[in-house]
Structures are given as C-alpha cells and as structure tokens.
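Data first, discussion second: the structure below is written as structure tokens.
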Amino acid sequence: MSTRIRQFVVCASLGIVGCADVASPEQSEATSELSGHNGSSVNTPVGIALEIDNGVPKTLRVRKNQRVWVNQIDMRASVLTSTDEGVASLDTTGDFATLDWRNTKFVDQSFVSTPNADGTWTRRRFYRESNWMEQPSKFSIEQLDAAGRVIGGCDDYEVSSGKEHHRTDNDDFFDRRLRAIQWTNDCASTTDCSTATHFEEEALVELRYASSDHPETFKFDSRTRQLRVTWTANHRAYFIPVEQVANPEWDYGFKIDLAVTTPPAANGTYAPGQLLTVEFTLRDGQGKPLHDPGVLPTFQDFLTGNTPSGIQYWDVTQRVATYYRRKHKEKQMVIAINGPMQDTQTIHNTIDFVGSIITSPEGSVRTASPATEGFYGAANAVPDWPILLGIQPLNSPVDNVVQFTLPADAKPGTYKIVMKARRSYLGEEIPAATVISLQVGTPTPTKKVLDTGPCTSCHKDGSSLSVISHAISANDRDTCTTCHGPLVFEPETPVYVRTHFIHSRTNRLNKPLQKCESCHLNRTGIQRTSKSACMSCHKSYPASHVAQFGPVVDMYIGGTLDDSFQQCTSSCHKTHPGSSL
C-alpha cells in the first residue's frame with residue numbers, strides 16, 4: 001500500500017480533515033509558485049527555529065506554503081526559589097516536572113565575571129546526566145487547521161534529539177545540549193553564597209544545526225494555523241501558533257556586501273597611519289537590501305521588535321554562558337580587522353574594552369597592537385559600541401559605515417576585514433559572514449600558517465563552519481583572533497579556551513580527547529601552557545599545583561584574568577599523555 005493511500009485510509013477512519021486531498025489544487029500550484037518579487041521558490045527548503053518558554057510557544061511566522069526542516073529547537077522551563085536546593089524544584093514544579101530527573105549530577109560551576117549593580121555576585125551551577133538528558137527522545141510535528149483538527153495529506157515529520165554519548169550519521173542535530181542551571185543571583189562574594197535568597201532553577205533543551213546536508217522536510221498547508229509538537233520525553237503536546245505570510249517583502253537567506261571605500265595607492269596598498277572607511281550592505285538570499293541605503297534600524301527599533309527585515313543586533317537582555325546557555329541567541333553584529341596575517345596569534349592580554357571605545361577616534365575596540373601582540377586588531381560594532389553600552393541614546397541613527405585607523409607602526413602584509421551578523425526572518429534564524437583582504441605597506445600577499453585543524457573532519461554538511469556559529473569558513477579561521485581575546489565580562493572568549501571547553505564537555509566528540517593530534521597539527525601548538533589552556537579542559541590539577549598556582553576558581557580559565565593567561569612554565573607540560581605530539 002502506498003504512503004498516500006495508507007494516509008487516506010488511516011485518516012478517514014479517524015475523521016481527520018483533508019485526507020482525500022491527495023494532491024490539492026493549492027499544493028500543486030505551490031510547486032511552481034514564486035513568492036512576490038523575490039523569485040525564491042516556496043519549495044526551496046528553509047531551516048526553521050522553534051521556541052517554547054515555560055510551556056508557552058513563540059508564534060511561528062513563515063512564508064505561505066513554504067517547505068521547511070526543523071533546524072533549531074529551544075525549550076526552557078524555570079522556577080524561582082528562596083532556598084538553595086540545586087535544581088530540585090524542577091522535578092516537582094513547572095513545565096519539565098514530568099521529566100525523569102533521576103541521576104541528576106552537578107558538573108560545573110562559574111561566577112558571572114562582573115558584579116551585579118548592587119555589588120552582589122551571580123553564581124551559575126550546571127547539572128547534567130538526568131535520565132531525560134541521557135536518553136534519545138523524539139519531537140513529532142503535526143499541522144492543525146483553525147479548528148484544531150489535524151490536516152490530512154500533509155507530510156509526516158519527526159526529529160530525534162539523538163543520544164548524549166554517541167553521535168551517529170543518522171542524528172538530526174549536530175548540537176545536542178540538554179542541561180539544568182541554578183542561578184544564585186545575590187551572593188555576597190565569589191566565595192560566599194551563604195546569605196543568598198534569590199535563586200532561579202532552569203532546564204534547557206538546545207538542539208540546532210541539521211546534521212545532514214539534505215534533512216527531511218515538510219511543507220506548510222495553507223490551512224495550517226498551528227503546529228502540534230509532541231515531545232516523547234514528557235509525553236506532552238505543545239501548540240505553536242502559525243502565521244503564514246503570502247507575499248513577504250523580503251526573501252529568505254542572508255548575505256553581506258563588504259568593501260573598503262578608501263582608495264588605495266597606485267600599487268593597490270594602504271599605508272600605516274591611514275584611515276580606512278568600510279561600507280557594508282545587508283541583503284536577503286536574492287540580493288535585495290534589508291535596509292534603506294546608508295540607514296539601518298536603530299538599537300531601540302531592535303529592542304522593541306521593529307526590524308521587519310529580520311536584522312539582529314546584540315541582545316543585551318540575553319543571559320549566555322559558553323557551551324551551557326544560548327550563545328546563539330546573543331546576536332552581535334561586528335566588523336573587525338587584523339593583520340598582517342603572518343603575525344596574527346592568540347591574544348593573552350586582557351582587552352581594555354571600555355577604555356578603547358572612549359579613547360578611539362572611531363569608537364572601536366583595540367584588541368591587539370604591533371608593539372605588544374605583534375599585530376594589529378580592532379573591532380567595531382553595529383550599532384556603535386557607545387549606543388550598545390548606553391553611552392549614547394538607544395534611538396541614535398545607525399549607518400552602514402565604520403572606520404579603522406591603521407596604527408603608525410602597522411607591519412607590512414595582508415590584512416583581513418571580517419563582518420559577522422545574524423538574521424531572524426519568517427522562522428529562519430541564520431548567521432552570515434563576509435571576509436575581504438587588503439594590502440598594507442606591500443603588494444605581496446602574506447598568510448597565516450595555522451597549527452590546528454582540520455575542523456572539516458567533523459564540521460561538515462549541515463554543521464560546516466560556514467553554516468554554524470558566525471558562519472565564518474574554515475579557510476578564514478585566521479580572522480577569529482581579533483575579537484577573541486580575554487574580556488573582563490567574558491574571560492573565556494579566546495578561541496582555544498572555548499574550543500577546549502566545548503569539545504571536552506560535549507561527550508559527542510568522535511575522537512579521543514587526550515589525543516592532541518586530533519586538532520593540533522604539530523607539537524608547536526601545544527607548547528605554551530597556562531591555566532586557561534589546561535583548565536579549560538581539565539577540571540582539577542594536583543595538590544602541588546594548587547599550592548604553587550592557587551586553587552581552580554573558574555571552570556573556563558582555571559583562575560582569574562590576572563593569572564590565567566600567563567605562561568605557567570617553559571619546561572613542563574611539553575607533551576600530553578596519550579598523544580603522539
């Protein structure tokens with residue numbers, strides 16, 4: 001019996017509407033339908049994001065009759081308490097109370113690195129290994145009409161969370177992050193939470209990035225007004241309101257045009273000390289600008305939800321924690337420059353974030369200088385940093401131009417400018433990035449020889465680096481250093497810290513952690529030891545190290561900004577047990 005006939009028989013027996021419409025007229029018409037003037041077929045699959053907070057789904061706006069796959073699921077349940085009980089209340093109260101919370105284990109702890117406005121501190125405790133987190137579960141999706149009836153003839157759709165400790169080629173999502181967090185919001189200090197009375201317990205489901213390059217899809221019926229999402233872990237159905245837009249003004253997709261508009265010298269080079277003007281245009285997948293020429297939405301527009309084309313700025317209201325909580329929701333738009341490429345390296349000095357903004361004539365953050373780090377690095381934000389930080393009004397104009405002043409001692413070679421941004425439009429949440437090169441002081445190109453890789457052995461298809469995170473390709477990883485230096489408000493920013501931490505916690509890495517050669521191409525890459533290098537992966541070290549270097553006080557970098565990035569030794573830790581390097 002064919003799938004269509006089987007659906008008809010089953011649906012008819014259950015009284016489900018629309019079963020006889022094996023190929024309804026509007027479904028047939030949708031095969032060749034084009035959306036407005038954009039020219040993008042509704043049959044081009046689009047990855048959509050679903051979000052449910054404390055049992056309340058976020059309305060999904062999607063192009064009418066669009067074919068989609070589920071690329072992202074974010075679920076959250078939270079409980080406020082006045083006593084320190086870990087995450088025990090989640091087992092009895094709230095949307096996740098019916099989950100199997102047995103075997104829950106406390107695994108990591110970190111304080112937010114800056115104090116609260118009243119001088120107290122916030123502690124984050126992370127929990128994993130609950131039975132519901134360890135076991136695979138499934139999300140079944142059905143389309144419902146305005147009366148709440150299942151629409152027959154629609155594609156059956158189901159995705160799996162996969163298993164915590166075993167990644168397979170059949171997994172639906174590359175990232176699988178299920179965990180619980182206790183927030184202690186009023187600790188007296190970073191060593192004393194005994195008097196705290198304001199706690200929040202929350203549980204999170206974060207599934208994102210389709211593992212396959214061709215994931216399973218389903219098509220929206222024009223009658224669909226809700227998605228019924230049934231999660232097998234708690235045997236509950238969630239009803240997501242659906243709003244279908246017949247002729248959206250913009251297309252799906254996201255592109256960035258980026259160019260230096262300052263004319264170079266006759267030989268195509270720029271000079272040390274020169275002011276560079278950089279201009280960008282944000283476009284949809286078909287090339288239509290997402291904003292008027294030279295004018296973007298204000299930060300106030302973004303905060304009030306008034307960005308109809310889907311342009312996203314830094315969500316300063318979002319609580320994030322590297323690996324553990326919603327970094328993909330942070331949504332910064334940044335343009336950065338670094339070079340010369342042959343001299344770029346990891347930044348170990350704490351970046352003077354606010355000081356740079358105040359003293360820089362173009363309002364950029366200077367992250368590296370030739371005199372200290374051996375290269376030049378700077379970053380500008382869109383909107384400008386002073387607007388994002390509240391130094392200037394939230395409704396200040398935002399244009400599509402930023403500037404950088406090359407340092408007077410800028411070294412000759414190739415420099416790269418990178419722009420990253422995110423767009424959220426009609427159900428699709430995606431990043432985009434563009435990288436361009438320019439020559440400073442010499443027309444001869446130079447390049448960085450990286451001692452890590454190949455990322456593409458794991459990050460491929462739907463999880464390639466050009467799709468996930470900032471959407472910066474593996475070939476442009478040498479641009480990451482500019483923004484990823486130690487920050488007062490986020491000390492774990494350096495790439496090696498994040499890479500070590502994420503890969504050591506994921507439990508889904510396909511290669512042994514102790515084998516440095518899985519990522520490091522030669523011994524040179526593992527010679528500089530520091531607390532941040534070692535303790536971003538290891539959770540403890542010997543008592544002799546505690547006596548000499550102090551206790552482990554941060555799960556990301558081991559110590560503090562004052563001591564975690566200094567080189568521990570030039571004589572120890574030159575090899576790693578289990579590694580051939």
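The way I read the labels, and the way they are meant: chains A, B, ... in the order of the structure tokens, residue 1 as the first residue of every chain, and ligand 1 as the first ligand shown, with later ones counted on from there.
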
Problem set entry | Which of segment 25-151 of chain A fall in alpha helix (DSSP H), as a ChimeraX atom specification | /A:25-30,131-134

For this session: Give me the residues within 10 Å of Gly413 of chain A as a list of chain:residue names, counting only C-alpha atoms and dropping any in the same chain fewer than 5 places off.
Result: A:Thr269, A:Gly339, A:Pro340, A:Met341, A:Gln342, A:Asp343, A:Leu438, A:Gln439, A:Val440, A:Gly441, A:Thr442, A:Pro443, A:Thr444, A:Pro445, A:Thr446, A:Lys447

For this session: Just list the residues in segment 320-558 of chain A DSSP gives strand (DSSP E or B) on the backbone, as a ChimeraX atom specification.
Result: /A:321,325,334-339,365-368,376-381,398,401-405,413-425,428-440,452,487,490,520,554,558

What are the closest atom pairs, with distances in Å to one decimal, for each residue of segment 180-219 of chain A lying within 8 Å of segment 148-166 of chain A, using only C-alpha atoms, rows by chain and rising residue number, as a tab-separated table?
```
residue	atom	partner	partner_atom	distance
A:Leu207	CA	A:Ser161	CA	7.0
A:Glu216	CA	A:Tyr157	CA	7.8
A:Thr217	CA	A:Tyr157	CA	7.3
A:Phe218	CA	A:Asp155	CA	5.5
A:Lys219	CA	A:Asp155	CA	6.9
```

Exercise. From the set A:Arg177, A:Lys327, A:Lys515, A:Arg76, which residue has the shortest atom-to-atom contact distance to Val56 of chain A, counting only C-alpha atoms?
Worked result: A:Arg76

For this session: Can you pull out every residue within 9 Å of Leu426 of chain A, counting only C-alpha atoms, but drop anything in the same chain fewer than 6 positions away, and send it as a ChimeraX atom specification?
Result: /A:48,60-63,244-245,248,252,310

For this session: Would you mind telling me which residue in A:Gln72, A:Asn522, A:Ser457, A:Ser469 lies nearest to Glu428 of chain A when using only C-alpha atoms?
Result: A:Gln72
